[in-house]
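Enquirer: Sharing a structure with you now.
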Amino acid sequence: MGSEVGDRSGGKGVGARLQRREDERYLRGRGRFVGDIRLPGMLELAFVRSPVAHARVRRVAKPAEGGERVFAAADLTGVSGIRADSGLPGFRSSVQPILAGDKVRHVGEPLAACLAETRALAEDLAERVELDLEELPAVHDMLRARDPGAPLLHEHWDENAFLESAVEVGFEAAVAGAAAVVRRTFRTARQCMAPIEGRGCVAVWDRQLEQLTLHSATQMPHIVRTGLAGCLGLDHGQVRVVAPDVGGGFGYKGVLLGEEVCAAWLAMKLDRPVRWLEDRREALTGGANCREHHYEVVGYAAADGELLAVDCRAIVDSGAYSIYPFSACLEAAQVASILPGPYRMRGYRCRTWSVCTNKPPILPFRGVARTGVCFAMELTMDALARELKIGPEEIRRLNLATPEEMPFTNITNKYFDSGDYPEALRRAVEAIDLPGLRARQRAQDPAARRRLGVGFSIFCEQGAHGTSVYHGWGIPMVPGFEQATARLTPDGGLELRVGVQSHGQGMETTLAQVAYEELGVDPAKVKLVHGDTALTPYSTGTWGSRCAVMAGGAVAAASAALAGRVRAIAGHLLQARPDEVVLADGVARAGGAEVSIEEIARTWYLKPQLLPPDADPRGLEATEGYKTARDTGTFSYACHAVTVEVDLDLGQVRLLDYAIVEDAGTMINPMVVDGQVLGGTVQGIGTALFEEMPFDAAGQPLASTLADYHLPVASDIPAIRILHMETPSPLSRFGQKGIGESGAIGPPAAIANAVNDALATLGAEVAEIPLTPERVLRALAAAEPRRA
Amino acid sequence: MKPAPFDYSAAGDLSDARRLLAGGAAKPVSGSQSLGPMLNLRLARPGRLVDVSALPELRAVAETAGAVTLGAAITHAEIEDGEVPDPTGGWLREAAGNIAYRAVRNRGTLGGSLAHADPAADWLIVMTGLGATAIVEGPQGRRRVAIEDFAVGPFVTALGAEELLVAVEVPRPGAGASWGYWKFARQVGEFAKASAAVLLDRQKGRLRCAVGALGRPPLLLGDPEGLIEGQVSPAAALRAALPERPAEALVLHVTALTRALAQARGGEEGR
Ligand SMILES: Cc1cc2nc3c(=O)[nH]c(=O)nc-3n(C[C@H](O)[C@H](O)[C@H](O)COP(=O)(O)OP(=O)(O)OC[C@H]3O[C@@H](n4cnc5c(N)ncnc54)[C@H](O)[C@@H]3O)c2cc1C
């Protein structure tokens, strides 16, 4: 492929289809991950983890032999547990211990840390630690967590809920004239995010610098540093966090881990490097920590198909603790505010509960609450359509915000910056050939045991939302300005320093493209420095589809500032006014003359005798901050359309065709956008069809290997077609919109709607994901008496 | 996910292996595709592994007019690739090619699979359908075990403590015989959720209908003739054979049997 021209920057700037520069090392297996770091004298760490979901810890008995290499809660002097309090009133606060001392609250919670020369020996040691646990009844079902008399996880609380919230806008008046009312209960399963690389860290204490360095597979090194310094009682100056290559995050690595705090403490205590590498079993038994929602939704529509109101009661299973930095309440806060999505409606009511259960603490997974919300909202829209006997495309067309309404403020005050949602829908309908599919359905033998169905989902992805949004949601970490440093090196190369972390997003390429727009330095000569708190400006990190907009904006700002200084020197060398100087292709031109950026850099650093006496002393290095014009976020959006075949004898759902119409605003690199959308969609297909961590009544996770926890694999994925629209955001520097999570949001809704379309004539309907054969067969069996 | 410490010996031949296995603390290992994960999860903790994957006796193939005997250490991939004779004219090859995925098939063995006796595994149900015989050797000498008597429970076989599965004798089907093997796995490379094998060999008087992935050894149904002739429905046959199970727990197995029967009959709906 290479770089196709067709963008506005000579094939290297914003819009260029540049191949990802980082792929060279990734594809050749030459990345450097935490697991590749080996330091002299390093010890490996294995944890003794709780085998039960809820218990009082009576004793953790160290083995006679090797006991000095075993550490329990009481040994961790001077360490505080992890606390992340929501700023919203009524929040009940939890403290997540680094090692559990008096109580364990979920299976897999660390109880003791064991060190040895190898991981195998550390596991041998861990096995000899004896636990005396007084088991308590577990809270495993989020629907029963708040029952009177339910065992309390945090005994000073009055009920197992972190937070309850309510919104209501014009609800009673809106529902009065409803011609169609549908009530549905929806449920999404608890999932375990599964990046190829697990979590891990290497902690080392530097005696000379009196500084702890934590190499960690994290998405947010600066936030980990702040959290870690707090837990260990260190100054920030005594803590450096370095994220090397990180093998996927998705939110799983957007957190301060007790394991990191523990490894850091041990490294300081023993004055030896300590490494912990999570294995897949630890991840599956103690890390199933996302997505579990329950919705009771009532949708109201008028006879003409107008959506009047939505009423929702949502429960999020937030698990045992409030995690740092996102807290236990991000999901529920999002549910309440984003459920209405891009639809117009007159009334809305939503109550949410972030309940506390004996499960791993919830973390935001790519899409965060949007995946569940889109599932609930889009299935409700289809249910209304069936009730009103109109098509799914029709009910959406009637109720989506139109381009004329942009910027559109929806019922929860979400500010949709731009876009043409009805057009995205129209293109998706065309791409999936809805009329053709309907004809094939009509031609189906009514007795056929394999049924065709088609389904849609349309949704927005708020990205790069900032201060006011996160403050409003009560999240303890509130993002502000994003900063970047741009620095020319004496050979005319460009260093970009950003506080976000690239772990699959391709930022080593896309941010170089952004800088090219301002400076004209070839992306091949750009070095992105990221993931190291010692080398980069403070940042909340990589999450929330914020990097293209925020880090992109910051890099553009820093590059523009640097360009001004380059022009000044060039003007002097070319005997021209700085504003006459044009930077492109590594050269500064004015009139007929030119000087290379390399020569300009050399002049500044090594031949200052050529500079004028009043040269700008700030030199060829600029740090600038950036915020979007409003901090309400860019709104990318997409319409997913899928056709399925449902085997009525097996409950098996096969995806036949999949089309996505996606509007990422201005695409910095269309191939990177495609990669993000495809990868996300595959994860969304996993959510829709496969991924589920069941828990038994004792709070035991039941899928402890990848033989039981089913991830989507290549043969499950149809050829996915992506069609682009490009409506620039008025809020961001180039019109780009956050796109990183979008793919993971749409599939469960589109696929479940397609399954329900296939089953409609049988009167069967699914409302719970993943759509396992058992669930589909159950839905069919439940419909049997109704048909009879 | 690191195994507990163990010793490892590669046996040179069958008697060497038997000597190393004597005493009970050792365990044979073949392709390690089932034992390996169990070691890593510390669910199996043998003091010693005796590698039997290269024993000449377990790598041997013998052909007679009536049967082909395949050594226990022959891999799924060797069967898939036709590197060993397939007495069924392709049914074994096809079954082998649908076990797990290639990396697992390169190491996993016929004998290891049968000895592991996973109720959802392929060879157990395929060999039950074909009416194969296990050849077993231990301190008491060599014996033959009909395959339906080989697995006695989930992950439990008739093998004695120090016995090895040496080979599997697969009878050649008669002229005009047909076969159906249908398994339902949601994803490529996954174990079956339901499976069924049907042999229709009138010349040799062998009609066999077996259902697998029931969480127990394969179920060999009593009235194959009735099923094949369509006098008994798959649902009725399964209900009669497993009266304690609720009908909804058998839906997938009914479908598997229906489709295996259709395949054996040469029908369309078996695809
Ligand atoms: C990801 C994955 C997917 C899989 N999918 C499938 C599938 O779809 N269908 C399927 O059928 N299988 C599947 N398997 C299992 C695979 O087929 C294994 O190869 C097989 O189950 C075991 O064979 P092995 O040679 O690896 O045995 P090992 O793992 O070496 O041994 C298994 C057991 O048998 C014993 N044993 C081995 N050889 C002998 C012998 N000669 N005599 C007595 N005891 C012996 C061992 O002591 C051990 O208890 C899968 C495995 C994996 C890892």
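Just remember, in the structure tokens the first chain shown is A, the second B, etc., residues are 1-based per chain, and ligands are 1-based in the order shown.
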Could you pull out all residues of region 224-269 of chain B with a DSSP call of alpha helix (DSSP H) and give them as a PyMOL selection string?
Expert: chain B and resi 224-229+234-241+251-265
Enquirer: For the interface of chain A with ligand 1 (cut-off 12 Å, counting only C-alpha atoms and all ligand atoms), please tabulate each contacting residue of chain A alongside its nearest pair of atoms and their separation in Å to one decimal, rows sorted by chain and increasing number, as a Markdown table.
Expert:
| residue | atom | partner | partner_atom_place_in_ligand_line | distance |
| --- | --- | --- | --- | --- |
| A:Thr705 | CA | ligand 1 | 1 (C) | 10.3 |
| A:Leu706 | CA | ligand 1 | 1 (C) | 8.4 |
| A:Ala707 | CA | ligand 1 | 1 (C) | 6.8 |
| A:Asp708 | CA | ligand 1 | 1 (C) | 10.6 |
| A:His710 | CA | ligand 1 | 1 (C) | 11.4 |
Enquirer: Could you produce a table of the residues of chain A lying within 10 Å of chain B, with the nearest pair of atoms per residue and their separation in Å rounded to one decimal, using only C-alpha atoms, ordered by chain and increasing residue number, as CSV?
Expert:
residue,atom,partner,partner_atom,distance
A:Arg119,CA,B:Lys2,CA,7.5
A:Ala120,CA,B:Lys2,CA,5.3
A:Leu121,CA,B:Lys2,CA,8.8
A:Ala122,CA,B:Lys2,CA,9.5
A:Glu123,CA,B:Lys2,CA,7.1
A:Asp124,CA,B:Ala4,CA,6.7
A:Glu127,CA,B:Ala4,CA,9.5
A:Glu278,CA,B:Met1,CA,9.5
A:Asp279,CA,B:Met1,CA,6.6
A:Arg280,CA,B:Met1,CA,7.9
A:Arg281,CA,B:Met1,CA,6.8
A:Glu282,CA,B:Met1,CA,8.5
A:Arg449,CA,B:Glu269,CA,9.9
A:Leu648,CA,B:Thr255,CA,9.9
A:Asp649,CA,B:Thr255,CA,6.1
A:Leu650,CA,B:Leu252,CA,5.7
A:Gly651,CA,B:Leu252,CA,8.6
A:Gln652,CA,B:Arg186,CA,7.3
A:Val653,CA,B:Arg186,CA,9.1
A:Arg654,CA,B:Arg186,CA,9.6
A:Leu689,CA,B:Arg186,CA,9.8
A:Phe690,CA,B:Arg186,CA,9.0
A:Ser704,CA,B:Leu41,CA,9.8
A:Thr705,CA,B:Leu41,CA,9.3
A:Ala707,CA,B:Glu190,CA,7.4
A:Asp708,CA,B:Glu190,CA,9.4
A:His710,CA,B:Gln187,CA,8.6
A:Leu711,CA,B:Gln187,CA,9.4
A:Pro712,CA,B:Gln187,CA,8.2
A:Val713,CA,B:Gln187,CA,7.6
A:Ala714,CA,B:Val188,CA,9.0
A:Ser715,CA,B:Val188,CA,6.7
A:Asp716,CA,B:Gln187,CA,6.9
A:Thr772,CA,B:Arg186,CA,8.8
A:Pro773,CA,B:Arg186,CA,8.4
A:Glu774,CA,B:Glu248,CA,9.1
A:Leu777,CA,B:Glu248,CA,8.4
A:Arg778,CA,B:Glu248,CA,8.4
A:Ala781,CA,B:Glu248,CA,8.6
Enquirer: For N, CA and C atoms, I'd like the residues from the last selection saved as a compact mmCIF listing (two decimals), in the first residue's frame.
Expert:
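Contents of part_39.txt, as written:
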# COMPACT_ATOMS: atom_id res chain seq x y z
N ARG A 119 9.94 -17.36 38.50
CA ARG A 119 8.51 -17.37 38.77
C ARG A 119 8.06 -18.75 39.26
N ALA A 120 8.63 -19.80 38.68
CA ALA A 120 8.23 -21.15 39.09
C ALA A 120 8.55 -21.36 40.57
N LEU A 121 9.74 -20.92 40.98
CA LEU A 121 10.10 -21.08 42.40
C LEU A 121 9.22 -20.20 43.28
N ALA A 122 8.87 -19.03 42.78
CA ALA A 122 7.98 -18.15 43.54
C ALA A 122 6.61 -18.80 43.70
N GLU A 123 6.17 -19.48 42.66
CA GLU A 123 4.88 -20.19 42.77
C GLU A 123 4.97 -21.37 43.74
N ASP A 124 6.13 -22.04 43.72
CA ASP A 124 6.32 -23.14 44.69
C ASP A 124 6.22 -22.60 46.12
N GLU A 127 2.67 -21.63 47.12
CA GLU A 127 1.86 -22.79 47.39
C GLU A 127 2.00 -23.27 48.84
N GLU A 278 1.78 -10.83 35.25
CA GLU A 278 0.49 -11.52 35.39
C GLU A 278 0.40 -12.65 34.38
N ASP A 279 -0.06 -13.80 34.79
CA ASP A 279 -0.31 -14.83 33.78
C ASP A 279 -1.81 -14.90 33.50
N ARG A 280 -2.14 -15.67 32.47
CA ARG A 280 -3.53 -15.66 31.99
C ARG A 280 -4.48 -16.19 33.06
N ARG A 281 -3.96 -17.06 33.89
CA ARG A 281 -4.84 -17.61 34.92
C ARG A 281 -5.17 -16.55 35.97
N GLU A 282 -4.15 -15.79 36.35
CA GLU A 282 -4.42 -14.69 37.29
C GLU A 282 -5.43 -13.72 36.68
N ARG A 449 -34.98 -24.24 9.07
CA ARG A 449 -34.35 -24.30 10.38
C ARG A 449 -33.16 -23.35 10.49
N LEU A 648 -31.78 -22.73 14.15
CA LEU A 648 -32.78 -22.91 15.21
C LEU A 648 -32.56 -24.20 16.00
N ASP A 649 -31.83 -25.14 15.43
CA ASP A 649 -31.58 -26.39 16.16
C ASP A 649 -30.36 -26.31 17.06
N LEU A 650 -29.54 -25.33 16.81
CA LEU A 650 -28.31 -25.22 17.60
C LEU A 650 -28.24 -23.91 18.39
N GLY A 651 -29.07 -22.96 18.02
CA GLY A 651 -28.94 -21.65 18.64
C GLY A 651 -27.68 -20.93 18.19
N GLN A 652 -27.08 -21.40 17.13
CA GLN A 652 -25.81 -20.84 16.67
C GLN A 652 -26.08 -19.64 15.77
N VAL A 653 -25.33 -18.56 16.02
CA VAL A 653 -25.47 -17.34 15.22
C VAL A 653 -24.23 -17.20 14.36
N ARG A 654 -24.46 -17.13 13.06
CA ARG A 654 -23.32 -16.96 12.16
C ARG A 654 -23.42 -15.58 11.51
N LEU A 689 -21.15 -12.33 21.15
CA LEU A 689 -21.36 -13.76 20.94
C LEU A 689 -20.66 -14.68 21.95
N PHE A 690 -19.53 -14.27 22.47
CA PHE A 690 -18.70 -15.25 23.15
C PHE A 690 -18.32 -14.96 24.59
N SER A 704 -11.77 -20.38 34.00
CA SER A 704 -10.43 -20.03 34.47
C SER A 704 -9.33 -20.25 33.44
N THR A 705 -9.69 -20.73 32.26
CA THR A 705 -8.70 -20.78 31.17
C THR A 705 -9.39 -20.29 29.89
N ALA A 707 -9.88 -21.96 27.43
CA ALA A 707 -10.72 -23.00 26.86
C ALA A 707 -12.18 -22.76 27.27
N ASP A 708 -12.37 -22.03 28.37
CA ASP A 708 -13.73 -21.78 28.85
C ASP A 708 -14.15 -20.34 28.61
N HIS A 710 -14.27 -17.69 26.08
CA HIS A 710 -14.11 -17.72 24.63
C HIS A 710 -13.90 -16.34 24.06
N LEU A 711 -12.74 -16.16 23.47
CA LEU A 711 -12.47 -14.92 22.75
C LEU A 711 -12.82 -15.12 21.29
N PRO A 712 -13.16 -14.04 20.61
CA PRO A 712 -13.43 -14.18 19.18
C PRO A 712 -12.14 -14.55 18.45
N VAL A 713 -12.24 -15.43 17.49
CA VAL A 713 -11.06 -15.83 16.71
C VAL A 713 -11.32 -15.53 15.24
N ALA A 714 -10.25 -15.60 14.45
CA ALA A 714 -10.34 -15.16 13.05
C ALA A 714 -11.51 -15.79 12.32
N SER A 715 -11.74 -17.08 12.55
CA SER A 715 -12.77 -17.76 11.77
C SER A 715 -14.18 -17.35 12.17
N ASP A 716 -14.33 -16.58 13.24
CA ASP A 716 -15.66 -16.08 13.63
C ASP A 716 -16.00 -14.77 12.95
N THR A 772 -25.05 -16.94 23.38
CA THR A 772 -24.60 -18.33 23.31
C THR A 772 -25.73 -19.18 22.76
N PRO A 773 -25.41 -20.38 22.26
CA PRO A 773 -26.48 -21.28 21.82
C PRO A 773 -27.54 -21.48 22.91
N GLU A 774 -27.08 -21.60 24.15
CA GLU A 774 -28.03 -21.83 25.25
C GLU A 774 -29.03 -20.68 25.34
N LEU A 777 -31.41 -20.73 22.30
CA LEU A 777 -32.37 -21.84 22.42
C LEU A 777 -33.40 -21.55 23.51
N ARG A 778 -32.94 -20.92 24.59
CA ARG A 778 -33.87 -20.59 25.67
C ARG A 778 -34.92 -19.59 25.17
N ALA A 781 -37.32 -21.51 23.10
CA ALA A 781 -38.20 -22.35 23.92
C ALA A 781 -39.24 -21.50 24.62
Enquirer: For region 141-152 of chain B, list every protein, DNA or RNA residue within 9 Å, evaluated using only C-alpha atoms, and leave out those in the same chain fewer than 6 positions away; present the list as a ChimeraX atom specification.
Expert: /B:114-115,117,119,124,127-128,131-135,158-159,163,168,216-220
Enquirer: Next, the residues of the selection above should be written as a compact mmCIF listing (two decimals), in the first residue's frame with all heavy atoms.
Expert:
# COMPACT_ATOMS: atom_id res chain seq x y z
N LEU B 114 -7.26 -40.66 23.63
CA LEU B 114 -8.14 -41.69 24.19
C LEU B 114 -7.86 -41.89 25.68
O LEU B 114 -8.79 -42.02 26.48
CB LEU B 114 -7.94 -43.00 23.42
CG LEU B 114 -8.45 -42.98 21.97
CD1 LEU B 114 -8.02 -44.24 21.23
CD2 LEU B 114 -9.98 -42.83 21.94
N ALA B 115 -6.57 -41.89 26.05
CA ALA B 115 -6.22 -42.13 27.46
C ALA B 115 -6.70 -40.97 28.34
O ALA B 115 -7.03 -41.15 29.50
CB ALA B 115 -4.71 -42.31 27.61
N ALA B 117 -9.44 -39.31 27.78
CA ALA B 117 -10.88 -39.61 27.91
C ALA B 117 -11.73 -38.38 28.22
O ALA B 117 -12.65 -38.42 29.04
CB ALA B 117 -11.11 -40.71 28.94
N PRO B 119 -14.70 -36.32 27.68
CA PRO B 119 -15.99 -36.69 27.05
C PRO B 119 -16.26 -35.91 25.77
O PRO B 119 -17.02 -36.38 24.92
CB PRO B 119 -17.01 -36.33 28.12
CG PRO B 119 -16.27 -36.29 29.40
CD PRO B 119 -14.86 -35.87 29.07
N LEU B 124 -12.48 -40.38 20.87
CA LEU B 124 -13.28 -41.29 21.67
C LEU B 124 -14.61 -41.59 20.98
O LEU B 124 -15.01 -42.75 20.86
CB LEU B 124 -13.52 -40.65 23.04
CG LEU B 124 -13.80 -41.57 24.21
CD1 LEU B 124 -12.75 -42.66 24.31
CD2 LEU B 124 -13.82 -40.75 25.51
N MET B 127 -13.93 -43.38 17.42
CA MET B 127 -13.56 -44.79 17.56
C MET B 127 -14.73 -45.61 18.09
O MET B 127 -14.88 -46.79 17.74
CB MET B 127 -12.35 -44.92 18.48
CG MET B 127 -11.06 -44.35 17.87
SD MET B 127 -10.67 -45.18 16.30
CE MET B 127 -9.34 -44.13 15.70
N THR B 128 -15.57 -45.00 18.91
CA THR B 128 -16.77 -45.71 19.37
C THR B 128 -17.69 -45.98 18.18
O THR B 128 -18.24 -47.07 18.04
CB THR B 128 -17.49 -44.89 20.46
OG1 THR B 128 -16.57 -44.62 21.51
CG2 THR B 128 -18.68 -45.63 21.02
N GLY B 131 -16.29 -48.79 16.18
CA GLY B 131 -16.16 -50.09 16.84
C GLY B 131 -14.71 -50.54 16.96
O GLY B 131 -14.38 -51.71 16.71
N ALA B 132 -13.82 -49.63 17.31
CA ALA B 132 -12.40 -49.95 17.41
C ALA B 132 -12.10 -50.72 18.70
O ALA B 132 -12.95 -50.84 19.59
CB ALA B 132 -11.59 -48.67 17.36
N THR B 133 -10.86 -51.21 18.77
CA THR B 133 -10.41 -51.95 19.95
C THR B 133 -9.11 -51.35 20.45
O THR B 133 -8.20 -51.09 19.66
CB THR B 133 -10.16 -53.43 19.57
OG1 THR B 133 -11.37 -53.97 19.03
CG2 THR B 133 -9.75 -54.24 20.79
N ALA B 134 -9.03 -51.14 21.76
CA ALA B 134 -7.81 -50.61 22.36
C ALA B 134 -6.87 -51.76 22.71
O ALA B 134 -7.32 -52.78 23.24
CB ALA B 134 -8.14 -49.81 23.60
N ILE B 135 -5.60 -51.59 22.39
CA ILE B 135 -4.61 -52.61 22.75
C ILE B 135 -3.78 -52.03 23.90
O ILE B 135 -3.18 -50.97 23.77
CB ILE B 135 -3.68 -52.90 21.56
CG1 ILE B 135 -4.52 -53.04 20.30
CG2 ILE B 135 -2.76 -54.07 21.89
CD1 ILE B 135 -4.66 -54.34 19.68
N ALA B 158 -10.31 -47.54 31.53
CA ALA B 158 -10.11 -48.88 32.08
C ALA B 158 -8.64 -49.20 32.27
O ALA B 158 -8.29 -50.30 32.69
CB ALA B 158 -10.77 -49.91 31.16
N LEU B 159 -7.76 -48.27 31.93
CA LEU B 159 -6.32 -48.53 32.07
C LEU B 159 -5.95 -48.70 33.54
O LEU B 159 -6.34 -47.89 34.38
CB LEU B 159 -5.50 -47.37 31.51
CG LEU B 159 -5.42 -47.21 30.00
CD1 LEU B 159 -4.74 -45.89 29.64
CD2 LEU B 159 -4.67 -48.38 29.37
N GLU B 163 -0.55 -49.45 33.33
CA GLU B 163 -0.81 -49.89 31.96
C GLU B 163 -0.65 -48.75 30.97
O GLU B 163 -0.93 -47.59 31.27
CB GLU B 163 -2.23 -50.45 31.85
CG GLU B 163 -2.33 -51.91 32.26
CD GLU B 163 -3.72 -52.48 32.00
OE1 GLU B 163 -4.71 -51.74 32.21
OE2 GLU B 163 -3.81 -53.64 31.58
N VAL B 168 -4.42 -48.76 18.67
CA VAL B 168 -5.87 -48.84 18.46
C VAL B 168 -6.10 -49.60 17.16
O VAL B 168 -5.53 -49.25 16.12
CB VAL B 168 -6.49 -47.43 18.34
CG1 VAL B 168 -8.00 -47.53 18.22
CG2 VAL B 168 -6.09 -46.57 19.52
N ARG B 216 -19.91 -37.58 29.89
CA ARG B 216 -19.75 -38.99 30.30
C ARG B 216 -19.17 -39.70 29.09
O ARG B 216 -19.05 -39.10 28.03
CB ARG B 216 -21.09 -39.59 30.71
CG ARG B 216 -22.23 -39.26 29.73
CD ARG B 216 -23.31 -40.30 29.70
NE ARG B 216 -22.89 -41.44 28.90
CZ ARG B 216 -23.50 -42.62 28.89
NH1 ARG B 216 -24.54 -42.80 29.65
NH2 ARG B 216 -23.08 -43.61 28.11
N PRO B 217 -18.81 -40.97 29.23
CA PRO B 217 -18.29 -41.66 28.04
C PRO B 217 -19.34 -41.66 26.93
O PRO B 217 -20.53 -41.50 27.19
CB PRO B 217 -18.01 -43.07 28.55
CG PRO B 217 -17.83 -42.92 30.03
CD PRO B 217 -18.74 -41.79 30.44
N PRO B 218 -18.90 -41.88 25.69
CA PRO B 218 -19.85 -41.86 24.58
C PRO B 218 -21.02 -42.82 24.83
O PRO B 218 -20.85 -43.89 25.41
CB PRO B 218 -19.00 -42.34 23.41
CG PRO B 218 -17.61 -41.95 23.75
CD PRO B 218 -17.51 -42.06 25.25
N LEU B 219 -22.15 -42.38 24.37
CA LEU B 219 -23.37 -43.18 24.53
C LEU B 219 -23.59 -43.96 23.24
O LEU B 219 -23.82 -43.38 22.18
CB LEU B 219 -24.54 -42.23 24.79
CG LEU B 219 -25.94 -42.83 24.78
CD1 LEU B 219 -26.14 -43.73 26.00
CD2 LEU B 219 -26.98 -41.71 24.80
N LEU B 220 -23.49 -45.29 23.34
CA LEU B 220 -23.75 -46.13 22.17
C LEU B 220 -25.22 -46.52 22.22
O LEU B 220 -25.65 -47.19 23.16
CB LEU B 220 -22.83 -47.36 22.23
CG LEU B 220 -22.71 -48.19 20.96
CD1 LEU B 220 -22.18 -47.36 19.80
CD2 LEU B 220 -21.78 -49.38 21.22
Enquirer: What lies within 7 Å of region 298-315 of chain A using only C-alpha atoms, ignoring chain neighbours under 3 positions off, as a list in words?
Expert: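 In the requested form, the answer reads Phe171, Ala174, Val175, Gly177, Ala178, Ala179, Ala180, Val181, Val182, Arg183, Arg184, His293, His294, Tyr295, Met345, Arg346, Gly347, Tyr348, Arg349, Cys350, Arg351, Thr352, Trp353, Ser354, Val355, Thr380, Ile395, Leu398 and Asn399 of chain A.
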Enquirer: Quick one: everything within 9 Å of Arg38 (chain A), counting only C-alpha atoms, minus sequence neighbours fewer than 2 positions away in the same chain. Send it as a list in words.
Expert: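 After dropping sequence-adjacent residues, the list is Val34, Gly35, Asp36, Pro40, Gly41, Met42, Val202, Pro273 and Arg275 of chain A.
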Enquirer: As an exercise, work out the distance from CA of Pro195 (chain A) to CA of Pro244 (chain A) in Å and give it to one decimal place.
Expert: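 Interatomic distance, CA of Pro195 (chain A) to CA of Pro244 (chain A): 15.3 Å.
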